[in-house]
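Here is the file run24.txt (compact mmCIF, C-alpha atoms).
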# COMPACT_ATOMS: atom_id res chain seq x y z
CA MET A 1 12.50 38.18 -15.03
CA LYS A 2 11.93 36.27 -18.24
CA VAL A 3 10.06 33.57 -16.35
CA PHE A 4 7.93 36.21 -14.66
CA PHE A 5 6.95 37.80 -17.98
CA SER A 6 6.35 34.41 -19.50
CA ARG A 7 4.03 33.44 -16.65
CA PHE A 8 2.32 36.80 -16.77
CA TRP A 9 1.73 36.45 -20.52
CA PHE A 10 0.33 32.93 -20.28
CA GLY A 11 -1.83 33.85 -17.32
CA TYR A 12 -3.30 37.02 -18.73
CA LYS A 13 -2.76 36.95 -22.49
CA GLU A 14 -6.50 37.28 -23.29
CA TYR A 15 -6.70 40.40 -21.14
CA ILE A 16 -3.46 41.86 -22.50
CA ILE A 17 -4.65 41.37 -26.08
CA VAL A 18 -8.14 42.78 -25.50
CA VAL A 19 -6.77 45.86 -23.69
CA LEU A 20 -4.20 46.41 -26.44
CA LEU A 21 -6.75 46.09 -29.25
CA LEU A 22 -9.30 48.30 -27.46
CA VAL A 23 -6.65 50.97 -26.94
CA ILE A 24 -5.75 50.78 -30.66
CA SER A 25 -9.46 51.13 -31.55
CA LEU A 26 -9.86 54.16 -29.30
CA SER A 27 -6.72 55.73 -30.77
CA VAL A 28 -8.07 55.20 -34.28
CA LEU A 29 -11.38 56.77 -33.22
CA SER A 30 -9.56 59.95 -32.32
CA LEU A 31 -7.73 60.02 -35.66
CA ASN A 32 -10.84 59.96 -37.88
CA SER A 33 -10.46 63.50 -39.15
CA LYS A 34 -6.78 63.10 -40.13
CA PRO A 35 -6.25 63.39 -43.90
CA GLY A 36 -4.19 60.19 -43.97
CA ILE A 37 -6.98 58.14 -42.38
CA LYS A 38 -9.52 59.71 -44.75
CA LYS A 39 -7.36 58.72 -47.69
CA VAL A 40 -7.10 55.11 -46.49
CA LYS A 41 -10.88 55.03 -46.00
CA ALA A 42 -11.47 56.42 -49.47
CA TYR A 43 -9.30 53.71 -51.04
CA ALA A 44 -10.91 50.96 -48.95
CA PHE A 45 -14.55 51.80 -49.55
CA GLY A 46 -13.82 52.69 -53.18
CA GLY A 47 -12.37 49.25 -53.79
CA PHE A 48 -15.10 47.42 -51.93
CA ALA A 49 -17.89 49.47 -53.48
CA VAL A 50 -17.08 47.79 -56.81
CA CYS A 51 -18.35 44.51 -55.28
CA THR A 52 -21.40 46.03 -53.57
CA SER A 53 -22.22 47.90 -56.77
CA GLY A 54 -22.42 44.61 -58.69
CA VAL A 55 -24.71 43.04 -56.10
CA SER A 56 -26.96 46.08 -55.81
CA LYS A 57 -27.33 46.07 -59.60
CA ILE A 58 -28.59 42.48 -59.45
CA LEU A 59 -30.99 43.40 -56.67
CA GLU A 60 -32.40 46.37 -58.47
CA PRO A 61 -35.64 45.17 -60.03
CA PHE A 62 -35.97 48.04 -62.41
CA SER A 63 -32.96 48.74 -64.52
CA THR A 64 -31.44 52.19 -64.66
CA ALA A 65 -32.65 52.91 -68.16
CA PHE A 66 -31.76 56.31 -69.51
CA GLU A 67 -35.37 57.42 -69.77
CA VAL A 68 -36.05 56.64 -66.15
CA GLU A 69 -32.87 58.44 -65.18
CA SER A 70 -33.75 61.57 -67.10
CA LEU A 71 -37.31 61.55 -65.75
CA ARG A 72 -36.02 61.28 -62.22
CA GLU A 73 -33.66 64.17 -62.84
CA GLU A 74 -36.50 66.23 -64.25
CA ASN A 75 -38.62 65.31 -61.25
CA ALA A 76 -35.91 66.47 -58.86
CA ARG A 77 -35.54 69.75 -60.76
CA LEU A 78 -39.31 70.30 -60.68
CA MET A 79 -39.43 69.54 -56.99
CA LEU A 80 -36.86 72.26 -56.35
CA GLN A 81 -38.69 74.63 -58.68
CA VAL A 82 -42.07 74.08 -57.03
CA ASN A 83 -40.53 74.61 -53.67
CA ARG A 84 -38.87 77.82 -54.87
CA LEU A 85 -42.17 79.11 -56.23
CA ARG A 86 -43.93 78.30 -52.99
CA GLU A 87 -41.20 80.16 -51.21
CA TYR A 88 -41.60 83.16 -53.49
CA GLY A 89 -45.34 83.23 -52.87
CA LEU A 90 -44.93 83.34 -49.13
CA GLN A 91 -42.19 85.93 -49.30
CA ASN A 92 -44.21 88.03 -51.69
CA GLU A 93 -47.00 88.37 -49.19
CA GLU A 94 -44.66 89.56 -46.48
CA LEU A 95 -41.97 91.50 -48.22
CA LYS A 96 -42.68 92.29 -51.85
CA LYS A 97 -39.32 93.72 -52.52
CA GLN A 98 -37.35 90.67 -51.42
CA LEU A 99 -37.94 88.58 -54.49
CA ALA A 100 -34.27 88.38 -55.39
CA LEU A 101 -33.81 85.15 -53.51
CA LYS A 102 -30.99 82.76 -54.14
CA ASP A 103 -32.16 80.25 -56.71
CA SER A 104 -31.59 76.78 -55.28
CA SER A 105 -32.12 75.09 -58.63
CA GLN A 106 -29.33 76.97 -60.34
CA TYR A 107 -26.79 74.34 -59.35
CA PRO A 108 -26.22 71.44 -61.74
CA LEU A 109 -27.39 68.01 -60.62
CA VAL A 110 -25.25 64.88 -60.89
CA SER A 111 -27.23 61.64 -60.92
CA ALA A 112 -25.96 58.63 -59.00
CA ARG A 113 -27.09 55.23 -57.80
CA VAL A 114 -26.93 53.98 -54.21
CA VAL A 115 -24.64 50.95 -54.18
CA SER A 116 -24.77 50.22 -50.49
CA LYS A 117 -26.59 51.40 -47.41
CA PHE A 118 -25.45 51.12 -43.86
CA VAL A 119 -28.42 50.81 -41.54
CA SER A 120 -27.57 51.96 -38.06
CA ALA A 121 -29.38 53.88 -35.37
CA SER A 122 -26.61 56.44 -35.18
CA GLN A 123 -24.38 56.26 -38.25
CA GLY A 124 -26.68 56.09 -41.28
CA ASN A 125 -24.83 56.45 -44.55
CA PHE A 126 -24.92 55.47 -48.24
CA ILE A 127 -22.24 54.79 -50.76
CA ILE A 128 -23.06 56.18 -54.23
CA ASN A 129 -21.46 55.43 -57.58
CA ALA A 130 -20.27 58.96 -58.32
CA GLY A 131 -16.93 60.23 -57.19
CA ASP A 132 -14.02 62.40 -58.06
CA ASP A 133 -14.27 61.42 -61.74
CA ARG A 134 -17.63 63.23 -61.90
CA ASN A 135 -16.44 66.26 -59.95
CA ILE A 136 -18.11 65.28 -56.71
CA LYS A 137 -16.62 67.17 -53.79
CA THR A 138 -16.87 66.76 -50.04
CA GLY A 139 -19.71 68.84 -48.63
CA MET A 140 -22.04 68.62 -51.64
CA PRO A 141 -25.72 68.07 -50.72
CA VAL A 142 -27.53 64.94 -51.89
CA ILE A 143 -31.22 64.92 -52.76
CA ASN A 144 -33.79 62.78 -54.52
CA SER A 145 -37.17 63.65 -55.97
CA GLN A 146 -38.67 63.71 -52.46
CA GLY A 147 -36.22 65.96 -50.67
CA LEU A 148 -32.89 66.25 -48.87
CA LEU A 149 -31.02 63.02 -48.14
CA GLY A 150 -27.65 64.07 -46.79
CA VAL A 151 -24.21 65.36 -47.57
CA VAL A 152 -21.09 63.92 -49.23
CA THR A 153 -18.40 63.31 -46.64
CA THR A 154 -15.72 61.23 -48.36
CA VAL A 155 -14.90 60.96 -52.06
CA SER A 156 -12.87 58.31 -53.87
CA LYS A 157 -12.24 58.10 -57.61
CA ASP A 158 -15.55 56.44 -58.53
CA TYR A 159 -17.57 56.40 -55.31
CA SER A 160 -18.60 58.69 -52.47
CA ILE A 161 -19.88 58.26 -48.94
CA VAL A 162 -23.06 60.17 -48.17
CA ARG A 163 -23.82 60.98 -44.54
CA THR A 164 -27.61 60.81 -44.35
CA LEU A 165 -29.94 62.86 -42.20
CA ARG A 166 -30.14 59.76 -40.01
CA ASN A 167 -26.60 60.27 -38.76
CA ARG A 168 -25.85 61.99 -35.49
CA GLU A 169 -22.84 63.71 -36.96
CA LEU A 170 -25.03 65.77 -39.30
CA LYS A 171 -26.59 68.89 -37.82
CA PHE A 172 -27.73 71.82 -39.91
CA ALA A 173 -29.91 74.93 -39.91
CA VAL A 174 -33.51 74.60 -41.09
CA LYS A 175 -36.51 76.87 -41.13
CA ASN A 176 -40.25 76.57 -40.97
CA GLN A 177 -41.41 77.67 -44.41
CA ARG A 178 -44.69 79.13 -43.12
CA SER A 179 -43.67 80.88 -39.92
CA ARG A 180 -40.04 81.57 -41.04
CA PHE A 181 -38.61 80.43 -37.69
CA ASP A 182 -35.15 78.86 -37.79
CA GLY A 183 -33.68 76.00 -35.82
CA VAL A 184 -31.04 73.29 -35.91
CA LEU A 185 -32.12 69.86 -37.10
CA GLU A 186 -30.44 66.71 -35.86
CA TRP A 187 -30.99 62.94 -35.66
CA ASN A 188 -31.31 61.63 -32.12
CA GLY A 189 -31.08 57.95 -33.02
CA LYS A 190 -34.83 57.60 -33.29
CA GLU A 191 -36.24 60.67 -35.03
CA LEU A 192 -35.27 63.97 -36.62
CA THR A 193 -35.71 66.77 -34.12
CA ILE A 194 -35.30 70.51 -33.90
CA LYS A 195 -34.15 70.96 -30.34
CA ASN A 196 -34.61 73.87 -27.95
CA VAL A 197 -37.32 75.69 -29.88
CA PRO A 198 -38.81 78.42 -27.66
CA LYS A 199 -42.43 77.75 -26.77
CA THR A 200 -43.39 81.10 -28.25
CA TYR A 201 -42.28 79.99 -31.75
CA ASP A 202 -45.11 79.32 -34.14
CA MET A 203 -44.78 75.65 -35.16
CA GLU A 204 -47.74 73.57 -36.27
CA VAL A 205 -48.07 69.95 -37.28
CA GLY A 206 -47.83 69.74 -41.06
CA ASP A 207 -45.59 72.79 -41.48
CA ARG A 208 -42.95 72.32 -44.17
CA ILE A 209 -39.34 72.34 -42.98
CA VAL A 210 -36.71 73.44 -45.49
CA THR A 211 -33.01 74.23 -45.34
CA SER A 212 -32.35 77.66 -43.91
CA ASP A 213 -30.59 80.63 -45.49
CA PHE A 214 -28.28 80.47 -42.47
CA SER A 215 -27.11 76.97 -43.31
CA THR A 216 -23.44 76.76 -44.19
CA LYS A 217 -23.85 73.19 -45.42
CA PHE A 218 -26.79 73.42 -47.81
CA PRO A 219 -28.28 75.92 -50.26
CA PRO A 220 -31.53 77.44 -48.97
CA SER A 221 -35.05 76.06 -49.47
CA ILE A 222 -34.34 72.38 -50.08
CA PRO A 223 -37.32 70.46 -48.68
CA VAL A 224 -36.41 68.39 -45.62
CA GLY A 225 -39.68 67.23 -44.09
CA VAL A 226 -42.84 68.20 -42.23
CA VAL A 227 -43.47 68.90 -38.57
CA ALA A 228 -44.88 65.66 -37.15
CA GLY A 229 -45.24 66.66 -33.53
CA GLY A 230 -43.40 67.97 -30.55
CA ASN A 231 -42.67 67.58 -26.89
CA ARG A 232 -41.36 69.74 -24.08
CA ASP A 233 -37.76 69.35 -23.03
CA LYS A 234 -36.75 68.61 -19.46
CA THR A 235 -36.55 72.29 -18.45
CA GLY A 236 -40.10 72.96 -19.68
CA ILE A 237 -38.94 76.19 -21.34
CA PHE A 238 -38.29 74.82 -24.79
CA ASN A 239 -39.99 72.44 -27.17
CA ASN A 240 -38.36 69.67 -29.19
CA ILE A 241 -40.00 69.55 -32.61
CA VAL A 242 -40.17 66.16 -34.35
CA VAL A 243 -39.75 66.30 -38.13
CA SER A 244 -40.86 63.55 -40.47
CA PRO A 245 -38.50 63.52 -43.47
CA TYR A 246 -39.85 63.60 -47.02
CA ALA A 247 -37.22 61.19 -48.28
CA ASP A 248 -37.65 57.46 -47.80
CA PHE A 249 -34.19 56.38 -46.66
CA VAL A 250 -34.96 52.68 -46.87
CA ARG A 251 -36.21 52.57 -50.46
CA VAL A 252 -33.97 55.20 -52.02
CA GLU A 253 -32.07 53.88 -55.04
CA HIS A 254 -31.30 56.91 -57.18
CA VAL A 255 -30.02 60.21 -55.91
CA PHE A 256 -28.77 63.54 -57.22
CA VAL A 257 -25.76 65.38 -55.96
CA ILE A 258 -26.16 69.15 -56.10
CA ALA A 259 -22.92 70.67 -57.37
CA PHE A 260 -22.88 73.17 -54.54
CA VAL A 261 -19.84 73.53 -52.36
CA PRO A 262 -20.30 75.45 -49.12
CA SER A 263 -18.55 78.80 -49.23
CA VAL A 264 -15.31 78.66 -47.27
CA GLN A 265 -15.18 82.46 -47.34
CA LYS A 266 -18.65 82.70 -45.75
CA ASN A 267 -17.71 80.15 -43.11
CA ASN A 268 -14.50 82.01 -42.30
CA LEU A 269 -16.35 85.32 -42.05
CA GLU A 270 -18.86 83.79 -39.65
CA LEU A 271 -16.06 82.25 -37.60
CA ASN A 272 -14.31 85.62 -37.40
CA LEU A 273 -17.55 87.22 -36.30
CA ILE A 274 -17.91 84.68 -33.50
CA LYS A 275 -14.26 85.15 -32.48
CA ASN A 276 -14.58 88.95 -32.42
CA ASN A 277 -17.68 88.77 -30.29
CA MET B 1 -6.29 27.21 -36.67
CA ARG B 2 -4.79 29.19 -39.54
CA ALA B 3 -7.34 27.67 -41.90
CA ASP B 4 -10.12 28.74 -39.55
CA TYR B 5 -8.82 32.32 -39.60
CA LEU B 6 -8.57 32.27 -43.37
CA ILE B 7 -12.07 30.85 -43.84
CA ALA B 8 -13.52 33.35 -41.36
CA ILE B 9 -11.94 36.27 -43.21
CA LEU B 10 -13.01 34.87 -46.58
CA LEU B 11 -16.58 34.49 -45.31
CA LEU B 12 -16.48 38.04 -43.98
CA ILE B 13 -16.29 39.54 -47.48
CA PRO B 14 -19.55 38.10 -48.91
CA LEU B 15 -21.32 38.63 -45.58
CA THR B 16 -20.31 42.30 -45.53
CA ILE B 17 -21.60 42.69 -49.09
CA ILE B 18 -24.93 41.16 -48.03
CA GLN B 19 -24.96 43.33 -44.91
CA LEU B 20 -24.60 46.49 -46.99
CA THR B 21 -26.86 45.59 -49.91
CA VAL B 22 -29.51 43.01 -48.94
CA ILE B 23 -29.96 43.58 -45.20
CA PRO B 24 -31.13 47.23 -45.58
CA LEU B 25 -34.14 45.84 -47.47
CA PHE B 26 -35.12 43.90 -44.34
CA SER B 27 -34.47 46.67 -41.89
CA TYR B 28 -37.30 48.16 -39.89
CA ASN B 29 -37.02 51.55 -38.22
CA GLN B 30 -33.19 51.51 -38.33
CA ILE B 31 -33.21 48.04 -36.76
CA ALA B 32 -31.23 45.53 -38.79
CA PRO B 33 -29.55 42.21 -38.04
CA ASP B 34 -25.76 42.03 -37.93
CA LEU B 35 -24.38 39.18 -40.03
CA VAL B 36 -20.78 40.02 -39.18
CA LEU B 37 -21.59 39.58 -35.50
CA ILE B 38 -23.16 36.16 -36.12
CA LEU B 39 -19.99 35.07 -37.93
CA LEU B 40 -17.83 36.46 -35.14
CA VAL B 41 -19.78 34.66 -32.40
CA TYR B 42 -19.69 31.43 -34.42
CA TYR B 43 -15.90 31.50 -34.81
CA THR B 44 -15.29 32.62 -31.24
CA LEU B 45 -17.29 29.66 -29.94
CA ARG B 46 -15.20 27.42 -32.20
CA MET B 47 -11.77 28.92 -31.63
CA GLY B 48 -11.78 30.44 -28.17
CA GLN B 49 -11.59 33.81 -26.48
CA MET B 50 -8.21 35.06 -27.66
CA HIS B 51 -8.83 34.21 -31.29
CA GLY B 52 -12.33 35.65 -31.04
CA THR B 53 -10.91 38.92 -29.75
CA ILE B 54 -8.39 39.13 -32.61
CA LEU B 55 -11.05 38.17 -35.17
CA GLY B 56 -13.38 40.80 -33.72
CA PHE B 57 -10.71 43.42 -34.21
CA ILE B 58 -10.08 42.34 -37.83
CA PHE B 59 -13.83 42.16 -38.61
CA GLY B 60 -14.43 45.58 -37.06
CA LEU B 61 -11.54 47.19 -38.88
CA PHE B 62 -12.70 45.76 -42.22
CA PHE B 63 -16.32 46.77 -41.62
CA ASP B 64 -15.38 50.31 -40.58
CA LEU B 65 -13.25 50.73 -43.68
CA VAL B 66 -15.79 49.51 -46.21
CA SER B 67 -19.05 50.72 -44.66
CA GLY B 68 -18.10 54.39 -44.37
CA GLY B 69 -18.82 54.50 -40.66
CA ILE B 70 -16.64 56.11 -38.01
CA LEU B 71 -13.31 54.30 -38.13
CA GLY B 72 -12.72 52.63 -34.78
CA SER B 73 -16.33 52.28 -33.63
CA ALA B 74 -16.96 48.80 -35.06
CA MET B 75 -13.34 47.91 -34.25
CA PHE B 76 -14.01 48.62 -30.59
CA SER B 77 -17.44 47.01 -30.39
CA LYS B 78 -16.47 43.87 -32.32
CA THR B 79 -13.23 43.41 -30.32
CA LEU B 80 -15.24 43.65 -27.11
CA SER B 81 -17.90 41.31 -28.53
CA GLY B 82 -15.30 38.73 -29.52
CA PHE B 83 -13.78 38.91 -26.06
CA LEU B 84 -17.12 38.56 -24.26
CA ALA B 85 -18.31 35.77 -26.56
CA GLY B 86 -15.14 33.95 -25.53
CA TYR B 87 -16.59 33.51 -22.03
CA PHE B 88 -19.14 31.13 -23.55
CA TYR B 89 -16.39 29.07 -25.15
CA ASN B 90 -15.96 25.60 -23.75
CA GLU B 91 -13.79 23.05 -25.50
CA ASN B 92 -16.13 20.24 -24.47
CA LYS B 93 -19.32 22.04 -25.41
CA VAL B 94 -18.51 23.44 -28.85
CA GLU B 95 -21.22 21.36 -30.54
CA LEU B 96 -23.77 22.25 -27.87
CA ASN B 97 -23.03 25.96 -28.16
CA LEU B 98 -23.07 26.09 -31.93
CA HIS B 99 -25.80 23.68 -32.88
CA THR B 100 -28.49 24.26 -30.29
CA PHE B 101 -30.63 27.22 -29.26
CA MET B 102 -27.81 28.18 -26.93
CA PHE B 103 -26.21 29.82 -29.98
CA LEU B 104 -29.25 32.10 -30.37
CA PHE B 105 -29.00 33.09 -26.74
CA ILE B 106 -25.28 33.89 -27.05
CA VAL B 107 -25.92 35.95 -30.21
CA LEU B 108 -28.66 37.82 -28.34
CA VAL B 109 -26.44 38.66 -25.37
CA ILE B 110 -23.34 39.55 -27.39
CA GLY B 111 -25.45 41.38 -30.00
CA THR B 112 -26.93 43.62 -27.31
CA VAL B 113 -23.49 44.54 -26.00
CA ASP B 114 -22.20 45.09 -29.55
CA SER B 115 -25.09 47.33 -30.61
CA VAL B 116 -25.01 49.39 -27.42
CA THR B 117 -21.25 49.91 -27.69
CA TYR B 118 -21.49 50.77 -31.36
CA SER B 119 -24.35 53.21 -30.80
CA PHE B 120 -22.46 54.77 -27.92
CA PHE B 121 -19.54 55.69 -30.18
CA GLY B 122 -21.76 56.94 -32.94
CA SER B 123 -23.79 59.11 -30.64
CA ALA B 124 -23.29 62.45 -29.02
CA ASP B 125 -26.86 62.50 -27.77
CA THR B 126 -26.95 62.58 -24.02
CA SER B 127 -30.70 63.05 -23.78
CA SER B 128 -31.59 59.38 -24.35
CA ASN B 129 -31.40 57.41 -21.14
CA MET B 130 -29.53 54.15 -20.65
CA LEU B 131 -32.67 52.02 -20.74
CA THR B 132 -33.68 53.42 -24.15
CA LEU B 133 -30.14 52.93 -25.42
CA ILE B 134 -30.07 49.29 -24.30
CA LEU B 135 -33.62 48.48 -25.39
CA VAL B 136 -34.00 50.32 -28.69
CA GLN B 137 -30.45 50.41 -29.95
CA GLY B 138 -29.19 47.26 -28.28
CA LEU B 139 -31.77 44.59 -27.65
CA PHE B 140 -33.93 44.98 -30.77
CA PRO B 141 -31.11 44.65 -33.32
CA ALA B 142 -29.68 41.79 -31.25
CA MET B 143 -33.05 40.00 -31.29
CA TYR B 144 -33.16 40.40 -35.05
CA SER B 145 -29.64 38.97 -35.38
CA SER B 146 -30.59 36.14 -33.08
CA VAL B 147 -33.65 35.27 -35.18
CA LEU B 148 -31.53 35.38 -38.33
CA SER B 149 -29.10 32.86 -36.88
CA LEU B 150 -31.97 30.41 -36.32
CA PRO B 151 -31.66 28.74 -39.78
CA MET B 152 -28.01 27.98 -39.00
CA VAL B 153 -28.99 26.17 -35.82
CA ILE B 154 -31.79 24.26 -37.55
CA PHE B 155 -29.48 23.28 -40.41
CA HIS B 156 -26.80 21.99 -38.04
CA SER B 157 -29.22 20.20 -35.72
CA ARG B 158 -30.68 18.36 -38.74
CA LYS B 159 -27.19 17.32 -39.72
CA ILE B 160 -26.60 15.94 -36.23
CA PHE B 161 -29.82 13.93 -36.13
CA ALA B 162 -29.53 12.73 -39.73

Encoded form using structure tokens:
Amino acid sequence: MKVFFSRFWFGYKEYIIVVLLLVISLSVLSLNSKPGIKKVKAYAFGGFAVCTSGVSKILEPFSTAFEVESLREENARLMLQVNRLREYGLQNEELKKQLALKDSSQYPLVSARVVSKFVSASQGNFIINAGDDRNIKTGMPVINSQGLLGVVTTVSKDYSIVRTLRNRELKFAVKNQRSRFDGVLEWNGKELTIKNVPKTYDMEVGDRIVTSDFSTKFPPSIPVGVVAGGNRDKTGIFNNIVVSPYADFVRVEHVFVIAFVPSVQKNNLELNLIKNN
Amino acid sequence: MRADYLIAILLLIPLTIIQLTVIPLFSYNQIAPDLVLILLVYYTLRMGQMHGTILGFIFGLFFDLVSGGILGSAMFSKTLSGFLAGYFYNENKVELNLHTFMFLFIVLVIGTVDSVTYSFFGSADTSSNMLTLILVQGLFPAMYSSVLSLPMVIFHSRKIFA
């Protein structure tokens, strides 16, 4: 028996090892949402981000002087304010009495620097130098002066992982600011698309796309991008709308985390509603 | 052999830092070269299939942990890449594989498999067909990685002819 196993091992050890390691990898894939795994990840990227932070500082041609920081923050605030005013204008025309909209700029902004970027067709993410020590929480939206960048997914003591819009795991409700039609935006590996939009919906190239009031992930009216085009889906009944994001994901260096945590109560209420129906 | 493992793992750390900080500056349309893969192919062609598979697993695990990606996706793709790169290993042709344009070809082939596998695990999109997946998310990044490994081949070939 021992000889048999010994022969088997020497004859097929490469295959045994590869199968074993692939099975371990697949098992780990299924454990991603476990709190223990998340904790290990937080420690690992937090520790390594210290190194990447040093290198990214060297690479940064313009230093993060306080003035520049404060100007960027002001810029981001103004961007949100302008967008809110534009929103109010459009709403005012349609429904004068609905001016009591949720103010998206009421949340405090926490500035942070991107210390590393992971370029991938499907798993785009950043690591930023703001974490638990600055009250960053999982689920907080991340913006820059141009628009929405993503959402915080993992937080360590000093660093956080931001899942960008260019990540297939991130899907959220958006609306066309002009026509008020809602949809779900997602990254398909190549471009940002709003899928399954009925052909009767009024969508034009150049329309501004912002986060929807129905979004459970983001506060409403954060600019996301503009409609860049569209194409019919396979059934021919719906359109897939291509959105060009405002934010430049390649050049982004400084970001702001909006201290907004999605309402658990609201999510639970919506879940109950779905269950009851 | 132990020294080779140690050096490979030590080299992995600076290469991962470069991959996460410098390489994004050279990316185009989400297409970026994979330095970790180049290192993995290099050591697999030096050490053999079994060691390449184990190294692939270690490299993938480390990269998943520090990059913030889905844990297990790079582990799977790099383990598979290490294993497949091992088929190009030949004890008598180590120099030929590492120091000629053959290395670029191996990086291209293994890079395509690696990128496709990695994209597959990071994607829930069933609308893109297999050809698009292989071409856009597999072949292009692999070509970029292959081009980036060119200086290594030139450097080594100069050393041989010097």

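The two atoms in question, atom CA of B:Phe62 and atom CA of A:Leu26, are spaced 15.7 Å apart.
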
As an mmCIF file with C-alpha atoms, keeping the file's coordinate frame, could you give me every residue of chain A near chain B (at most 8 Å apart, counting only C-alpha atoms)?
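In the end it all went to out03.cif:
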data_model
loop_
_atom_site.group_PDB
_atom_site.id
_atom_site.type_symbol
_atom_site.label_atom_id
_atom_site.label_comp_id
_atom_site.auth_asym_id
_atom_site.auth_seq_id
_atom_site.Cartn_x
_atom_site.Cartn_y
_atom_site.Cartn_z
ATOM 1 C CA LYS A 13 -2.760 36.950 -22.490
ATOM 2 C CA GLU A 14 -6.500 37.280 -23.290
ATOM 3 C CA ILE A 17 -4.650 41.370 -26.080
ATOM 4 C CA VAL A 18 -8.140 42.780 -25.500
ATOM 5 C CA LEU A 21 -6.750 46.090 -29.250
ATOM 6 C CA LEU A 22 -9.300 48.300 -27.460
ATOM 7 C CA SER A 25 -9.460 51.130 -31.550
ATOM 8 C CA LEU A 26 -9.860 54.160 -29.300
ATOM 9 C CA SER A 27 -6.720 55.730 -30.770
ATOM 10 C CA VAL A 28 -8.070 55.200 -34.280
ATOM 11 C CA LEU A 29 -11.380 56.770 -33.220
ATOM 12 C CA ASN A 32 -10.840 59.960 -37.880
ATOM 13 C CA LYS A 41 -10.880 55.030 -46.000
ATOM 14 C CA ALA A 44 -10.910 50.960 -48.950
ATOM 15 C CA PHE A 45 -14.550 51.800 -49.550
ATOM 16 C CA GLY A 46 -13.820 52.690 -53.180
ATOM 17 C CA PHE A 48 -15.100 47.420 -51.930
ATOM 18 C CA ALA A 49 -17.890 49.470 -53.480
ATOM 19 C CA CYS A 51 -18.350 44.510 -55.280
ATOM 20 C CA THR A 52 -21.400 46.030 -53.570
ATOM 21 C CA VAL A 55 -24.710 43.040 -56.100
ATOM 22 C CA SER A 56 -26.960 46.080 -55.810
ATOM 23 C CA LEU A 59 -30.990 43.400 -56.670
ATOM 24 C CA VAL A 115 -24.640 50.950 -54.180
ATOM 25 C CA SER A 116 -24.770 50.220 -50.490
ATOM 26 C CA LYS A 117 -26.590 51.400 -47.410
ATOM 27 C CA PHE A 118 -25.450 51.120 -43.860
ATOM 28 C CA VAL A 119 -28.420 50.810 -41.540
ATOM 29 C CA SER A 120 -27.570 51.960 -38.060
ATOM 30 C CA ALA A 121 -29.380 53.880 -35.370
ATOM 31 C CA SER A 122 -26.610 56.440 -35.180
ATOM 32 C CA GLN A 123 -24.380 56.260 -38.250
ATOM 33 C CA ASN A 125 -24.830 56.450 -44.550
ATOM 34 C CA PHE A 126 -24.920 55.470 -48.240
ATOM 35 C CA ILE A 127 -22.240 54.790 -50.760
ATOM 36 C CA ILE A 161 -19.880 58.260 -48.940
ATOM 37 C CA ARG A 168 -25.850 61.990 -35.490
ATOM 38 C CA GLU A 169 -22.840 63.710 -36.960
ATOM 39 C CA ASN A 188 -31.310 61.630 -32.120
ATOM 40 C CA GLY A 189 -31.080 57.950 -33.020
ATOM 41 C CA VAL A 250 -34.960 52.680 -46.870
ATOM 42 C CA ARG A 251 -36.210 52.570 -50.460
#

What does the structure give for the distance between atom CA of A:Val210 and atom CA of A:Val261, in Å to one decimal?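 A separation of 18.2 Å between them.
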
Would you compute the distance between atom CA of A:Val224 and atom CA of A:Val197? Give it in Å to one decimal.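 Computing it gives 17.4 Å between the two atoms.
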
Write out as a JSON list (two decimals) with C-alpha atoms, in the coordinates of the input each polymer residue whose atoms come within 7 Å of B:Ala142, counting all atoms listed in the file; drop sequence neighbours fewer than 5 positions from it.
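Ended up saving to result-v7.json:
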[["chain", "number", "residue", "atom", "x", "y", "z"],
["B", 33, "PRO", "CA", -29.55, 42.21, -38.04],
["B", 108, "LEU", "CA", -28.66, 37.82, -28.34],
["B", 111, "GLY", "CA", -25.45, 41.38, -30.00],
["B", 112, "THR", "CA", -26.93, 43.62, -27.31]]

List every protein, DNA or RNA residue with an atom no more than 12 Å from (-10.6, 67.2, -59.4) in the file's coordinates, counting only C-alpha atoms, and format the result as a list in words.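 Those residues, ordered by chain and then number, are Gly131, Asp132, Asp133, Arg134, Asn135, Ile136, Lys137, Thr138, Val155, Ser156, Lys157 and Asp158 of chain A.
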
Selected residues written out, C-alpha atoms, as a PDB file, keeping the file's coordinate frame:
ATOM      1  CA  GLY A 131     -16.930  60.230 -57.190  1.00  0.00           C
ATOM      2  CA  ASP A 132     -14.020  62.400 -58.060  1.00  0.00           C
ATOM      3  CA  ASP A 133     -14.270  61.420 -61.740  1.00  0.00           C
ATOM      4  CA  ARG A 134     -17.630  63.230 -61.900  1.00  0.00           C
ATOM      5  CA  ASN A 135     -16.440  66.260 -59.950  1.00  0.00           C
ATOM      6  CA  ILE A 136     -18.110  65.280 -56.710  1.00  0.00           C
ATOM      7  CA  LYS A 137     -16.620  67.170 -53.790  1.00  0.00           C
ATOM      8  CA  THR A 138     -16.870  66.760 -50.040  1.00  0.00           C
ATOM      9  CA  VAL A 155     -14.900  60.960 -52.060  1.00  0.00           C
ATOM     10  CA  SER A 156     -12.870  58.310 -53.870  1.00  0.00           C
ATOM     11  CA  LYS A 157     -12.240  58.100 -57.610  1.00  0.00           C
ATOM     12  CA  ASP A 158     -15.550  56.440 -58.530  1.00  0.00           C
TER      13      ASP A 158
END

Which one is closest to B:Ala8: B:Thr132, B:Thr117, B:Ser81, B:Thr44? Count only C-alpha atoms.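 Residue with the minimum atom-to-atom distance to B:Ala8: B:Thr44.
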
Pick out the closest residue to A:Ile194 from this set: A:Val23, A:Leu71, A:Val174, A:Leu31. Count all atoms listed in the file.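 Closest to A:Ile194 of all the choices is A:Val174.
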